[in-house]
file coords_37.txt (compact mmCIF, C-alpha atoms and all ligand atoms)
# COMPACT_ATOMS: atom_id res chain seq x y z
CA MET L 1 22.80 22.69 77.61
CA GLY L 2 22.79 20.94 80.98
CA ILE L 3 26.01 19.26 82.18
CA LYS L 4 25.38 15.97 83.96
CA ASN L 5 27.39 15.46 87.12
CA SER L 6 24.95 13.13 88.83
CA ILE L 7 21.71 11.36 88.00
CA ASP L 8 19.87 14.25 89.68
CA ASP L 9 20.86 16.30 86.62
CA PHE L 10 19.02 13.99 84.21
CA ALA L 11 16.23 15.80 82.39
CA ILE L 12 13.88 12.92 83.19
CA PHE L 13 14.34 13.86 86.89
CA GLY L 14 13.84 17.57 86.26
CA GLY L 15 17.31 18.71 85.06
CA GLU L 16 17.96 20.73 81.95
CA PRO L 17 18.08 18.63 78.73
CA SER L 18 21.56 18.02 77.31
CA PHE L 19 20.63 19.35 73.88
CA ASP L 20 18.75 22.43 72.65
CA GLN L 21 17.60 20.61 69.53
CA GLN L 22 16.39 17.07 69.10
CA LEU L 23 18.93 14.59 67.73
CA HIS L 24 17.28 12.16 65.32
CA VAL L 25 18.19 8.74 64.01
CA GLY L 26 18.38 9.10 60.22
CA ARG L 27 18.44 12.90 59.85
CA PRO L 28 19.08 13.28 56.11
CA ASN L 29 22.58 13.59 54.70
CA ILE L 30 22.43 16.36 52.12
CA GLY L 31 25.18 17.25 49.66
CA ASP L 32 25.89 20.61 48.00
CA LYS L 33 22.65 22.64 48.18
CA GLU L 34 23.66 25.11 45.42
CA LEU L 35 24.41 22.25 43.06
CA LEU L 36 21.13 20.55 43.90
CA LEU L 37 19.11 23.71 43.27
CA LYS L 38 20.98 24.30 39.99
CA ARG L 39 20.15 20.77 38.84
CA ILE L 40 16.50 21.10 39.87
CA GLY L 41 16.36 24.46 38.06
CA GLU L 42 17.56 22.73 34.89
CA VAL L 43 14.93 20.00 35.33
CA VAL L 44 12.22 22.65 35.56
CA ASP L 45 13.59 24.57 32.56
CA ARG L 46 13.66 21.40 30.46
CA ARG L 47 10.06 20.60 31.48
CA TRP L 48 11.10 16.96 31.52
CA LEU L 49 10.07 16.02 35.02
CA THR L 50 9.84 12.24 34.85
CA ASN L 51 9.69 9.26 32.39
CA ALA L 52 13.28 8.28 31.57
CA GLY L 53 14.63 11.83 31.78
CA PRO L 54 18.33 12.76 31.56
CA CYS L 55 18.87 12.97 35.34
CA VAL L 56 17.49 9.46 35.94
CA ASP L 57 19.52 8.18 33.02
CA GLU L 58 22.76 9.70 34.32
CA PHE L 59 21.96 8.59 37.87
CA GLU L 60 21.47 4.98 36.76
CA GLN L 61 24.74 5.05 34.81
CA ARG L 62 26.62 6.33 37.87
CA LEU L 63 25.03 3.70 40.09
CA ARG L 64 26.03 0.91 37.70
CA LYS L 65 29.60 2.16 37.70
CA LEU L 66 29.78 2.56 41.49
CA LEU L 67 28.32 -0.89 42.12
CA GLY L 68 30.07 -2.66 39.27
CA VAL L 69 26.74 -4.16 38.24
CA ARG L 70 25.31 -4.53 34.72
CA HIS L 71 21.83 -3.14 35.39
CA CYS L 72 20.47 -0.72 37.95
CA GLU L 73 16.90 0.53 37.60
CA ALA L 74 15.89 3.57 39.65
CA MET L 75 12.60 3.26 41.55
CA CYS L 76 10.26 5.56 43.45
CA ASN L 77 11.07 3.65 46.68
CA ALA L 78 12.38 0.30 47.89
CA THR L 79 9.00 -1.09 48.96
CA ASP L 80 7.70 -0.89 45.39
CA GLY L 81 11.12 -2.06 44.21
CA LEU L 82 10.82 -5.22 46.33
CA GLN L 83 7.34 -5.89 44.97
CA LEU L 84 8.40 -5.39 41.37
CA ALA L 85 11.49 -7.55 41.78
CA MET L 86 9.57 -10.41 43.43
CA ARG L 87 6.90 -10.33 40.73
CA ALA L 88 9.44 -10.03 37.91
CA MET L 89 11.43 -12.95 39.34
CA GLY L 90 8.31 -15.12 39.40
CA MET L 91 7.88 -15.60 43.14
CA ASN L 92 4.47 -16.59 44.53
CA GLY L 93 3.05 -18.76 47.33
CA GLU L 94 5.33 -18.65 50.36
CA VAL L 95 8.36 -16.40 50.62
CA ILE L 96 10.79 -16.72 53.51
CA VAL L 97 11.77 -13.40 55.13
CA PRO L 98 13.53 -12.50 58.40
CA ALA L 99 11.23 -11.51 61.26
CA PHE L 100 13.79 -8.94 62.44
CA THR L 101 13.61 -6.27 59.75
CA PHE L 102 11.67 -3.13 58.92
CA ILE L 103 8.04 -4.04 58.28
CA ALA L 104 8.30 -3.06 54.58
CA THR L 105 10.11 -6.33 53.80
CA ALA L 106 7.14 -8.39 55.01
CA HIS L 107 4.50 -5.98 53.70
CA ALA L 108 5.98 -6.12 50.19
CA VAL L 109 5.44 -9.90 50.16
CA GLN L 110 1.94 -9.70 51.64
CA TRP L 111 0.91 -6.83 49.33
CA LEU L 112 1.53 -9.13 46.37
CA GLY L 113 -0.84 -11.69 47.90
CA PHE L 114 2.02 -14.04 48.81
CA THR L 115 2.63 -15.35 52.33
CA PRO L 116 5.65 -14.07 54.25
CA VAL L 117 7.08 -16.91 56.35
CA PHE L 118 9.10 -15.46 59.20
CA CYS L 119 12.55 -16.81 59.82
CA ASP L 120 14.84 -16.19 62.79
CA VAL L 121 18.10 -14.26 62.50
CA ASP L 122 21.68 -14.81 63.57
CA SER L 123 22.40 -13.39 67.02
CA HIS L 124 25.70 -11.75 65.97
CA THR L 125 24.97 -10.32 62.51
CA HIS L 126 21.18 -9.87 62.98
CA THR L 127 20.69 -11.19 59.41
CA ILE L 128 18.56 -14.16 58.35
CA ASP L 129 19.90 -17.46 59.71
CA PRO L 130 20.47 -19.89 56.80
CA ALA L 131 20.15 -22.92 59.11
CA ARG L 132 16.63 -21.82 60.05
CA VAL L 133 15.70 -20.98 56.43
CA GLU L 134 16.01 -24.58 55.34
CA GLU L 135 13.60 -25.78 58.07
CA LEU L 136 10.87 -23.46 56.73
CA ILE L 137 10.89 -24.62 53.11
CA THR L 138 7.64 -26.31 52.02
CA PRO L 139 6.28 -27.32 48.59
CA ARG L 140 4.69 -23.83 48.41
CA THR L 141 7.95 -21.94 48.96
CA THR L 142 9.18 -20.08 45.87
CA GLY L 143 11.63 -17.57 47.23
CA ILE L 144 13.83 -16.17 49.97
CA VAL L 145 14.29 -12.48 50.73
CA GLY L 146 17.47 -11.88 52.74
CA VAL L 147 17.92 -8.46 54.34
CA HIS L 148 21.41 -6.95 54.68
CA LEU L 149 20.42 -5.41 57.99
CA TRP L 150 22.42 -2.40 59.21
CA GLY L 151 24.43 -2.69 55.96
CA GLN L 152 25.86 -6.03 57.09
CA PRO L 153 25.58 -8.56 54.29
CA CYS L 154 23.63 -11.76 54.87
CA ASP L 155 25.46 -15.07 54.61
CA VAL L 156 25.20 -14.75 50.83
CA GLU L 157 27.06 -17.98 50.09
CA ALA L 158 24.86 -20.16 52.32
CA LEU L 159 21.65 -18.57 51.01
CA GLU L 160 22.72 -19.00 47.39
CA ALA L 161 23.47 -22.68 48.09
CA ILE L 162 20.04 -23.21 49.70
CA ALA L 163 18.27 -21.41 46.84
CA MET L 164 20.11 -23.52 44.29
CA ARG L 165 19.45 -26.81 46.15
CA HIS L 166 15.72 -26.16 46.41
CA GLY L 167 15.16 -24.31 43.12
CA LEU L 168 14.15 -21.06 44.90
CA LYS L 169 14.47 -17.45 43.81
CA LEU L 170 16.78 -15.36 45.96
CA LEU L 171 16.28 -11.62 46.39
CA PHE L 172 18.13 -9.29 48.75
CA ASP L 173 16.56 -6.35 50.51
CA ALA L 174 19.61 -4.09 50.45
CA ALA L 175 17.73 -1.05 51.78
CA HIS L 176 20.51 -0.45 54.36
CA ALA L 177 23.46 -1.66 52.31
CA PHE L 178 24.21 1.00 49.71
CA ASP L 179 28.00 1.37 49.25
CA CYS L 180 28.72 -1.85 51.19
CA SER L 181 30.58 -4.95 50.05
CA TRP L 182 30.61 -8.69 50.55
CA ARG L 183 33.98 -10.39 50.03
CA GLY L 184 35.27 -7.32 48.23
CA ARG L 185 32.40 -7.14 45.73
CA MET L 186 29.75 -4.44 45.99
CA ILE L 187 26.28 -5.27 47.27
CA GLY L 188 24.03 -5.12 44.22
CA ASN L 189 25.65 -8.13 42.55
CA PHE L 190 24.14 -10.99 44.53
CA GLY L 191 21.12 -13.26 44.28
CA GLY L 192 18.70 -12.72 41.41
CA ALA L 193 18.53 -9.02 42.27
CA GLU L 194 19.11 -6.58 45.14
CA VAL L 195 16.90 -3.68 46.13
CA PHE L 196 18.27 -0.45 47.64
CA SER L 197 16.32 2.22 49.48
CA PHE L 198 17.18 5.88 48.96
CA HIS L 199 14.65 7.06 51.54
CA ALA L 200 15.48 10.31 53.34
CA THR L 201 16.69 8.45 56.45
CA LYS L 202 19.14 6.25 54.60
CA PHE L 203 22.91 6.74 54.26
CA PHE L 204 22.32 8.02 50.75
CA ASN L 205 18.97 9.55 49.79
CA THR L 206 17.01 10.86 46.81
CA PHE L 207 14.23 12.34 49.04
CA GLU L 208 12.26 9.11 48.41
CA GLY L 209 13.66 6.51 46.06
CA GLY L 210 15.31 3.19 45.50
CA ALA L 211 16.86 0.97 42.86
CA ILE L 212 16.87 -2.62 41.68
CA ALA L 213 20.36 -3.88 40.79
CA THR L 214 20.88 -7.10 38.85
CA ASN L 215 23.25 -8.78 36.43
CA ASP L 216 20.29 -10.48 34.68
CA ALA L 217 19.45 -8.57 31.48
CA ASP L 218 15.99 -10.18 31.03
CA LEU L 219 15.01 -9.41 34.59
CA ALA L 220 16.21 -5.80 34.19
CA SER L 221 14.12 -5.23 31.08
CA ARG L 222 11.02 -6.76 32.75
CA VAL L 223 11.56 -4.46 35.71
CA GLN L 224 12.00 -1.44 33.41
CA ARG L 225 8.64 -2.08 31.79
CA MET L 226 6.83 -3.01 34.99
CA ARG L 227 7.82 0.25 36.70
CA ASN L 228 6.17 2.14 33.81
CA PHE L 229 2.72 0.46 33.73
CA GLY L 230 4.06 -2.44 31.63
CA PHE L 231 4.57 -0.25 28.56
CA ALA L 232 6.67 -1.95 25.87
CA GLY L 233 5.86 0.71 23.22
CA LEU L 234 3.88 3.89 22.94
CA ASP L 235 0.44 2.23 22.88
CA GLN L 236 1.31 -1.26 23.99
CA THR L 237 1.76 -3.04 27.32
CA ASP L 238 3.15 -6.56 27.44
CA ALA L 239 2.42 -7.38 31.10
CA LEU L 240 0.87 -6.02 34.25
CA GLY L 241 2.76 -2.95 35.40
CA THR L 242 2.54 -0.23 37.97
CA ASN L 243 3.97 3.25 38.47
CA ALA L 244 7.26 2.95 40.31
CA LYS L 245 9.31 5.49 38.39
CA MET L 246 11.82 7.83 39.98
CA SER L 247 11.25 11.53 39.26
CA GLU L 248 13.89 13.84 37.81
CA ALA L 249 13.95 15.88 41.04
CA SER L 250 14.83 12.75 43.01
CA ALA L 251 17.53 11.79 40.50
CA ALA L 252 18.94 15.35 40.74
CA MET L 253 19.21 14.84 44.52
CA GLY L 254 20.81 11.43 43.87
CA LEU L 255 23.43 12.88 41.51
CA THR L 256 24.23 15.62 43.99
CA ASN L 257 24.45 13.30 46.99
CA LEU L 258 26.63 10.82 45.09
CA GLU L 259 29.21 13.59 44.81
CA SER L 260 29.23 13.92 48.61
CA LEU L 261 29.27 10.20 49.32
CA PRO L 262 32.94 10.09 50.49
CA GLU L 263 32.19 12.91 52.94
CA PHE L 264 29.04 11.17 54.30
CA LEU L 265 31.04 7.99 54.73
CA GLU L 266 33.92 9.66 56.54
CA THR L 267 31.51 11.45 58.90
CA ASN L 268 29.73 8.19 59.70
CA ARG L 269 33.00 6.33 60.18
CA LEU L 270 34.36 8.96 62.58
CA ASN L 271 31.06 9.03 64.46
CA TYR L 272 31.15 5.25 64.74
CA LEU L 273 34.67 5.43 66.20
CA ALA L 274 33.58 8.20 68.59
CA TYR L 275 30.73 5.98 69.83
CA ARG L 276 33.05 3.01 70.21
CA GLN L 277 35.41 5.07 72.30
CA GLY L 278 32.62 6.72 74.29
CA LEU L 279 30.84 3.48 75.12
CA ASP L 280 33.95 1.44 75.79
CA GLY L 281 33.80 -0.44 79.06
CA ILE L 282 30.16 0.32 79.95
CA THR L 283 28.99 -2.95 81.43
CA GLY L 284 25.99 -4.39 79.66
CA ILE L 285 26.07 -2.15 76.59
CA ARG L 286 27.30 -3.96 73.50
CA MET L 287 27.78 -2.05 70.29
CA LEU L 288 27.47 -3.80 66.93
CA GLU L 289 30.92 -3.89 65.34
CA TYR L 290 31.34 -3.48 61.60
CA ASP L 291 33.84 -5.56 59.64
CA ARG L 292 36.46 -2.98 58.73
CA SER L 293 38.05 -5.18 56.06
CA GLU L 294 34.86 -4.67 53.96
CA LYS L 295 33.07 -1.55 52.73
CA ARG L 296 30.48 -0.43 55.24
CA ASN L 297 28.42 2.78 55.41
CA TYR L 298 28.30 2.92 59.26
CA GLN L 299 24.79 4.36 59.05
CA TYR L 300 23.47 2.51 62.11
CA ILE L 301 24.85 2.73 65.61
CA VAL L 302 23.27 -0.38 67.08
CA LEU L 303 23.40 -1.16 70.79
CA GLU L 304 22.29 -4.29 72.58
CA ILE L 305 21.30 -3.56 76.15
CA GLU L 306 21.91 -6.51 78.48
CA GLU L 307 19.51 -5.65 81.26
CA PRO L 308 20.86 -7.90 83.99
CA HIS L 309 24.13 -5.95 83.77
CA THR L 310 22.77 -2.47 83.15
CA ILE L 311 19.94 -2.97 85.71
CA LEU L 312 18.08 -0.46 83.53
CA SER L 313 16.01 -1.86 80.68
CA ARG L 314 16.48 -0.79 77.08
CA ASP L 315 13.19 1.13 77.31
CA GLU L 316 14.29 2.94 80.48
CA LEU L 317 17.53 4.01 78.80
CA GLN L 318 15.52 5.15 75.80
CA ASN L 319 13.27 7.25 78.05
CA ILE L 320 16.30 8.85 79.72
CA LEU L 321 17.78 9.72 76.32
CA TRP L 322 14.50 11.09 74.95
CA ALA L 323 14.23 13.44 77.92
CA GLU L 324 17.70 14.73 76.96
CA ARG L 325 16.34 15.20 73.37
CA VAL L 326 18.28 12.24 72.00
CA LEU L 327 15.62 10.39 70.02
CA ALA L 328 17.15 6.88 70.12
CA ARG L 329 15.00 4.23 68.40
CA ARG L 330 14.01 0.64 69.24
CA TYR L 331 14.53 -0.79 65.74
CA PHE L 332 12.87 -3.20 64.80
CA TYR L 333 10.55 -3.55 67.76
CA PRO L 334 8.42 -5.63 68.31
CA GLY L 335 9.45 -7.83 65.35
CA CYS L 336 7.39 -8.17 62.15
CA HIS L 337 5.58 -11.28 63.46
CA ARG L 338 4.14 -9.19 66.30
CA MET L 339 2.77 -6.48 64.00
CA GLU L 340 -0.47 -6.59 62.02
CA PRO L 341 -1.64 -8.29 59.92
CA TYR L 342 0.86 -11.01 60.91
CA ALA L 343 0.25 -11.00 64.68
CA SER L 344 -3.36 -12.12 64.09
CA THR L 345 -2.62 -14.73 61.42
CA THR L 346 0.44 -16.28 63.12
CA PRO L 347 -0.05 -15.53 66.83
CA ASN L 348 2.47 -18.15 68.00
CA ALA L 349 5.29 -17.34 65.60
CA GLY L 350 7.38 -15.89 68.46
CA SER L 351 8.03 -19.34 69.93
CA ARG L 352 10.21 -20.29 66.96
CA LEU L 353 11.90 -16.87 66.71
CA PRO L 354 13.93 -16.68 69.94
CA VAL L 355 16.74 -14.48 68.57
CA THR L 356 14.32 -12.00 66.99
CA GLU L 357 12.34 -11.86 70.25
CA ARG L 358 15.49 -11.19 72.25
CA LEU L 359 16.82 -8.54 69.86
CA ALA L 360 13.47 -6.77 69.74
CA GLN L 361 13.75 -6.32 73.53
CA ARG L 362 17.41 -5.27 73.54
CA VAL L 363 18.28 -3.21 70.49
CA LEU L 364 18.58 0.56 70.70
CA VAL L 365 19.78 2.64 67.72
CA LEU L 366 21.53 5.97 68.32
CA PRO L 367 21.74 9.08 66.10
CA THR L 368 24.59 9.50 63.65
CA GLY L 369 25.13 11.00 60.18
CA THR L 370 26.21 14.45 59.07
CA ALA L 371 23.77 16.15 61.49
CA VAL L 372 25.57 14.71 64.54
CA SER L 373 29.04 15.73 65.76
CA PRO L 374 31.65 13.73 67.73
CA GLU L 375 31.23 16.27 70.53
CA GLN L 376 27.50 15.49 70.74
CA ILE L 377 28.32 11.79 70.67
CA LYS L 378 30.60 12.26 73.67
CA THR L 379 27.68 13.80 75.55
CA ILE L 380 25.31 10.96 74.55
CA CYS L 381 27.82 8.36 75.70
CA GLY L 382 28.32 10.28 78.94
CA ILE L 383 24.57 10.11 79.65
CA LEU L 384 24.54 6.34 79.08
CA ARG L 385 27.65 5.83 81.21
CA LEU L 386 26.24 7.87 84.09
CA ALA L 387 22.88 6.07 83.93
CA VAL L 388 24.37 2.58 83.85
CA SER L 389 27.07 3.22 86.45
CA HIS L 390 24.25 4.26 88.81
CA GLY L 391 21.83 1.66 87.39
CA GLY L 392 20.26 0.70 90.73
CA ASP L 393 19.64 4.28 91.88
CA THR L 394 18.41 5.38 88.47
CA ALA L 395 16.00 2.43 88.28
CA ARG L 396 14.60 3.25 91.73
CA ARG L 397 14.12 6.92 90.79
CA LEU L 398 12.34 5.85 87.59
CA ASP L 399 10.09 3.53 89.61
CA GLY L 400 9.29 6.51 91.83
CA LEU L 401 8.32 8.57 88.78
CA ARG L 402 6.05 5.80 87.55
CA ALA L 403 4.38 5.62 90.95
CA ALA L 404 3.74 9.40 91.06
CA PRO L 405 3.92 10.74 87.51
CA GLN L 406 1.96 13.91 88.25
CA GLN L 407 4.54 15.07 90.85
CA ALA L 408 7.29 14.86 88.24
CA GLY L 409 5.26 17.02 85.90
CA ARG L 410 5.03 14.38 83.20
C1 LIG Y 501 15.08 -3.11 55.67
C2 LIG Y 501 14.20 -2.18 54.90
N1 LIG Y 501 13.53 -2.63 53.84
C3 LIG Y 501 12.72 -1.84 53.10
C4 LIG Y 501 12.57 -0.51 53.41
C5 LIG Y 501 11.64 0.31 52.59
O1 LIG Y 501 12.29 1.33 51.92
P1 LIG Y 501 11.47 2.55 51.29
O2 LIG Y 501 11.16 3.47 52.41
O3 LIG Y 501 12.42 3.13 50.29
O4 LIG Y 501 10.23 1.99 50.65
C6 LIG Y 501 13.27 0.02 54.51
C7 LIG Y 501 13.19 1.43 54.95
O5 LIG Y 501 12.49 2.30 54.72
C8 LIG Y 501 14.07 -0.82 55.29
O6 LIG Y 501 14.72 -0.38 56.37

call {"tool": "encode", "arguments": {"input": "coords_37.txt", "output": "structure tokens"}}
result
Amino acid sequence: MGIKNSIDDFAIFGGEPSFDQQLHVGRPNIGDKELLLKRIGEVVDRRWLTNAGPCVDEFEQRLRKLLGVRHCEAMCNATDGLQLAMRAMGMNGEVIVPAFTFIATAHAVQWLGFTPVFCDVDSHTHTIDPARVEELITPRTTGIVGVHLWGQPCDVEALEAIAMRHGLKLLFDAAHAFDCSWRGRMIGNFGGAEVFSFHATKFFNTFEGGAIATNDADLASRVQRMRNFGFAGLDQTDALGTNAKMSEASAAMGLTNLESLPEFLETNRLNYLAYRQGLDGITGIRMLEYDRSEKRNYQYIVLEIEEPHTILSRDELQNILWAERVLARRYFYPGCHRMEPYASTTPNAGSRLPVTERLAQRVLVLPTGTAVSPEQIKTICGILRLAVSHGGDTARRLDGLRAAPQQAGR
């Protein structure tokens, strides 16, 4: 592993990379492997692989208890979960969603044949801005989907008030917010329903998977049937359904990972503190701070790069890190409104989404989780500090590389 004493040592300028192996954002957190394999062995022996099996049943019970919510229906993933929830809640027409989110939020709306209407986000929390939501409501609006981005809850109170005032359905995309709270109550209890993702990259995973949490018994039973083709009996469907069931193997992973949740959380929390310490005082690099009086999963280390101060752009810093094998990500670049099919249908949406546009240019997410150690974090922070403290020189060297890429062997 190359030690960096000057910018000449950066791998992008020909030095040895800082890491032997790539460091990824969202490398899976995996609990006790022996326990997982034992559970999967039992699944195989039972020959009950899916369809309301004992692992899914136990997993749902544990989720309900953890979240303090009446109903929690396991799903094959959050994208299907969002679609099912929106349909089961009776949304149609226009649905207001933040533009700064993973594309699945918007795609879920569009896939149903509804129209996602992109709303700007708050510059501090990065979650949907309630003041902007109200301006977008039309006679065709039926719902709002708030996203608890980075595990930071939306302004739940303001969104609930807007939904109530205008007779709209309110759903939360809680893909990032498993094991997080709002005003001391667990995420999963708000709006009409909340949808979690248990994708491999999330704080808590079931390989692929998700869940719909709700305190509405009717909604929960509609969702239960819809995820299983609409079956209400052996030979009878009572509505349109699809296949969004979680498999027993995924639930076995879920049960195993739930047992390691405190350990995942402690690792993430210590990594977060290591980043805070390591990045402290670097001009122009702002790290998103989590509210430590609430439950947070610390799964995302989110930087905002203020280019006038760093001299280097977010993308230049990303390129420097990638050369060192630190695969930092520009989430959620370039903003949903600039991705297809939305870029073609609403080409001017950016003009009313200034915060999203700014964040899409500035945000850089760094690796954390159980696959990353505080020692590695120290090295990552050291790279950023060295690059920014020699911002002018580094930028000039990068310009030189761009002018003559073949000489640098790129
Ligand atoms: C904000 C957000 N919503 C929805 C999803 C979709 O989740 P899944 O991959 O479980 O379908 C993700 C991530 O994958 C996400 O980050």

call {"tool": "residues_around", "arguments": {"input": "coords_37.txt", "residues": "Thr379 of chain L", "least_positions_apart": "4", "cutoff": "12 Å", "atoms": "only C-alpha atoms", "output": "VMD selection string"}}
result
chain L and resid 1 to 5 17 to 19 23 274 to 275 278 to 279 321 324 to 326 372 to 375 383 to 386

call {"tool": "atom_distance", "arguments": {"input": "coords_37.txt", "atom1": "atom CA of Val25 of chain L", "atom2": "atom CA of Ala251 of chain L"}}
result
23.7 Å

call {"tool": "atom_distance", "arguments": {"input": "coords_37.txt", "atom1": "atom CA of Ala104 of chain L", "atom2": "atom CA of Val121 of chain L"}}
result
16.9 Å

call {"tool": "axis_aligned_box", "arguments": {"input": "coords_37.txt", "around": "segment 123-137 of chain L", "padding_each_side": "5 Å", "output": "lines of an AutoDock Vina configuration file"}}
result
center_x = 18.3
center_y = -17.8
center_z = 60.1
size_x = 24.8
size_y = 25.9
size_z = 23.9

call {"tool": "residues_around", "arguments": {"input": "coords_37.txt", "residues": "Ile96 of chain L", "least_positions_apart": "6", "cutoff": "8 Å", "atoms": "all atoms listed in the file", "output": "MDAnalysis selection string"}}
result
chainID L and resid 116:119 133 136:137 141 143:145

call {"tool": "closest_atom_pairs", "arguments": {"input": "coords_37.txt", "of": "chain L", "to": "ligand LIG 501 (chain Y)", "cutoff": "9 Å", "atoms": "all atoms listed in the file", "output": "Markdown table"}}
result
| residue | atom | partner | partner_atom | distance |
| --- | --- | --- | --- | --- |
| L:Met75 | CA | Y:LIG501 | O3 | 8.7 |
| L:Cys76 | CA | Y:LIG501 | O3 | 7.6 |
| L:Asn77 | CA | Y:LIG501 | O3 | 3.9 |
| L:Ala78 | CA | Y:LIG501 | O3 | 3.7 |
| L:Thr79 | CA | Y:LIG501 | O4 | 3.7 |
| L:Asp80 | CA | Y:LIG501 | O4 | 6.5 |
| L:Gly81 | CA | Y:LIG501 | O4 | 7.7 |
| L:Leu82 | CA | Y:LIG501 | C3 | 7.8 |
| L:Thr101 | CA | Y:LIG501 | C1 | 5.4 |
| L:Phe102 | CA | Y:LIG501 | C1 | 4.7 |
| L:Ile103 | CA | Y:LIG501 | N1 | 7.2 |
| L:Ala104 | CA | Y:LIG501 | C3 | 4.8 |
| L:Thr105 | CA | Y:LIG501 | N1 | 5.0 |
| L:Ala106 | CA | Y:LIG501 | N1 | 8.7 |
| L:Ala108 | CA | Y:LIG501 | C3 | 8.5 |
| L:Val147 | CA | Y:LIG501 | C1 | 6.2 |
| L:His148 | CA | Y:LIG501 | C1 | 7.5 |
| L:Leu149 | CA | Y:LIG501 | C1 | 6.3 |
| L:Trp150 | CA | Y:LIG501 | C1 | 8.2 |
| L:Asp173 | CA | Y:LIG501 | N1 | 5.8 |
| L:Ala174 | CA | Y:LIG501 | C1 | 7.0 |
| L:Ala175 | CA | Y:LIG501 | C2 | 4.8 |
| L:His176 | CA | Y:LIG501 | O6 | 6.1 |
| L:Val195 | CA | Y:LIG501 | C3 | 8.3 |
| L:Phe196 | CA | Y:LIG501 | O3 | 7.4 |
| L:Ser197 | CA | Y:LIG501 | O3 | 4.1 |
| L:Phe198 | CA | Y:LIG501 | O3 | 5.7 |
| L:His199 | CA | Y:LIG501 | O3 | 4.7 |
| L:Ala200 | CA | Y:LIG501 | O2 | 8.1 |
| L:Thr201 | CA | Y:LIG501 | O5 | 7.6 |
| L:Lys202 | CA | Y:LIG501 | C7 | 7.7 |
| L:Glu208 | CA | Y:LIG501 | O3 | 6.3 |
| L:Gly209 | CA | Y:LIG501 | O3 | 5.6 |
| L:Gly210 | CA | Y:LIG501 | O3 | 5.6 |
| L:Ala211 | CA | Y:LIG501 | O3 | 8.9 |

call {"tool": "closest_residue", "arguments": {"input": "coords_37.txt", "among": "L:Ser181, L:Ser313, L:Asn268, L:Thr127", "to": "Ile377 of chain L", "atoms": "all atoms listed in the file"}}
result
L:Asn268

call {"tool": "closest_residue", "arguments": {"input": "coords_37.txt", "among": "L:Asn29, L:Ser250, L:Ser123, L:Asn189", "to": "His71 of chain L", "atoms": "only C-alpha atoms"}}
result
L:Asn189

call {"tool": "residues_around", "arguments": {"input": "coords_37.txt", "residues": "segment 50-66 of chain L", "least_positions_apart": "6", "cutoff": "7 Å", "atoms": "only C-alpha atoms", "output": "list in words"}}
result
Cys72, Glu73, Ala74, Ser247, Glu248, Ala251, Ala252, Gly254 and Leu255 of chain L

call {"tool": "closest_residue", "arguments": {"input": "coords_37.txt", "among": "L:Ala328, L:Ala99, L:Ile30, L:Ile7", "to": "Asp393 of chain L", "atoms": "only C-alpha atoms"}}
result
L:Ile7

call {"tool": "closest_residue", "arguments": {"input": "coords_37.txt", "among": "L:Ala220, L:Thr115, L:Ile128, L:Thr206", "to": "Met246 of chain L", "atoms": "all atoms listed in the file"}}
result
L:Thr206

call {"tool": "atom_distance", "arguments": {"input": "coords_37.txt", "atom1": "atom CA of Ala395 of chain L", "atom2": "atom CA of Leu312 of chain L"}}
result
5.9 Å

call {"tool": "residues_near_point", "arguments": {"input": "coords_37.txt", "point": "(13.0, -10.0, 65.0)", "cutoff": "12 Å", "atoms": "only C-alpha atoms", "output": "VMD selection string"}}
result
chain L and resid 97 to 103 106 118 to 123 126 to 129 147 149 330 to 339 349 to 363

call {"tool": "decode", "arguments": {"input": "coords_37.txt", "residues": "segment 77-83 of chain L", "atoms": "N, CA, C and O atoms", "output": "PDB file, in the first residue's frame"}}
result
ATOM      1  N   ASN L  77     -38.469  -7.020  -3.018  1.00  0.00           N
ATOM      2  CA  ASN L  77     -37.590  -5.842  -3.057  1.00  0.00           C
ATOM      3  C   ASN L  77     -38.429  -4.601  -2.794  1.00  0.00           C
ATOM      4  O   ASN L  77     -39.665  -4.688  -2.764  1.00  0.00           O
ATOM      5  N   ALA L  78     -37.770  -3.460  -2.607  1.00  0.00           N
ATOM      6  CA  ALA L  78     -38.512  -2.239  -2.272  1.00  0.00           C
ATOM      7  C   ALA L  78     -39.193  -1.622  -3.487  1.00  0.00           C
ATOM      8  O   ALA L  78     -40.227  -0.958  -3.348  1.00  0.00           O
ATOM      9  N   THR L  79     -38.637  -1.813  -4.674  1.00  0.00           N
ATOM     10  CA  THR L  79     -39.254  -1.217  -5.865  1.00  0.00           C
ATOM     11  C   THR L  79     -40.656  -1.802  -6.062  1.00  0.00           C
ATOM     12  O   THR L  79     -41.628  -1.061  -6.259  1.00  0.00           O
ATOM     13  N   ASP L  80     -40.759  -3.127  -5.999  1.00  0.00           N
ATOM     14  CA  ASP L  80     -42.082  -3.755  -6.079  1.00  0.00           C
ATOM     15  C   ASP L  80     -42.927  -3.370  -4.870  1.00  0.00           C
ATOM     16  O   ASP L  80     -44.140  -3.191  -4.983  1.00  0.00           O
ATOM     17  N   GLY L  81     -42.287  -3.239  -3.717  1.00  0.00           N
ATOM     18  CA  GLY L  81     -43.013  -2.828  -2.507  1.00  0.00           C
ATOM     19  C   GLY L  81     -43.644  -1.458  -2.686  1.00  0.00           C
ATOM     20  O   GLY L  81     -44.806  -1.239  -2.315  1.00  0.00           O
ATOM     21  N   LEU L  82     -42.897  -0.527  -3.277  1.00  0.00           N
ATOM     22  CA  LEU L  82     -43.447   0.820  -3.510  1.00  0.00           C
ATOM     23  C   LEU L  82     -44.636   0.750  -4.460  1.00  0.00           C
ATOM     24  O   LEU L  82     -45.671   1.401  -4.247  1.00  0.00           O
ATOM     25  N   GLN L  83     -44.499  -0.051  -5.514  1.00  0.00           N
ATOM     26  CA  GLN L  83     -45.599  -0.173  -6.486  1.00  0.00           C
ATOM     27  C   GLN L  83     -46.838  -0.767  -5.831  1.00  0.00           C
ATOM     28  O   GLN L  83     -47.953  -0.261  -6.009  1.00  0.00           O
TER      29      GLN L  83
END
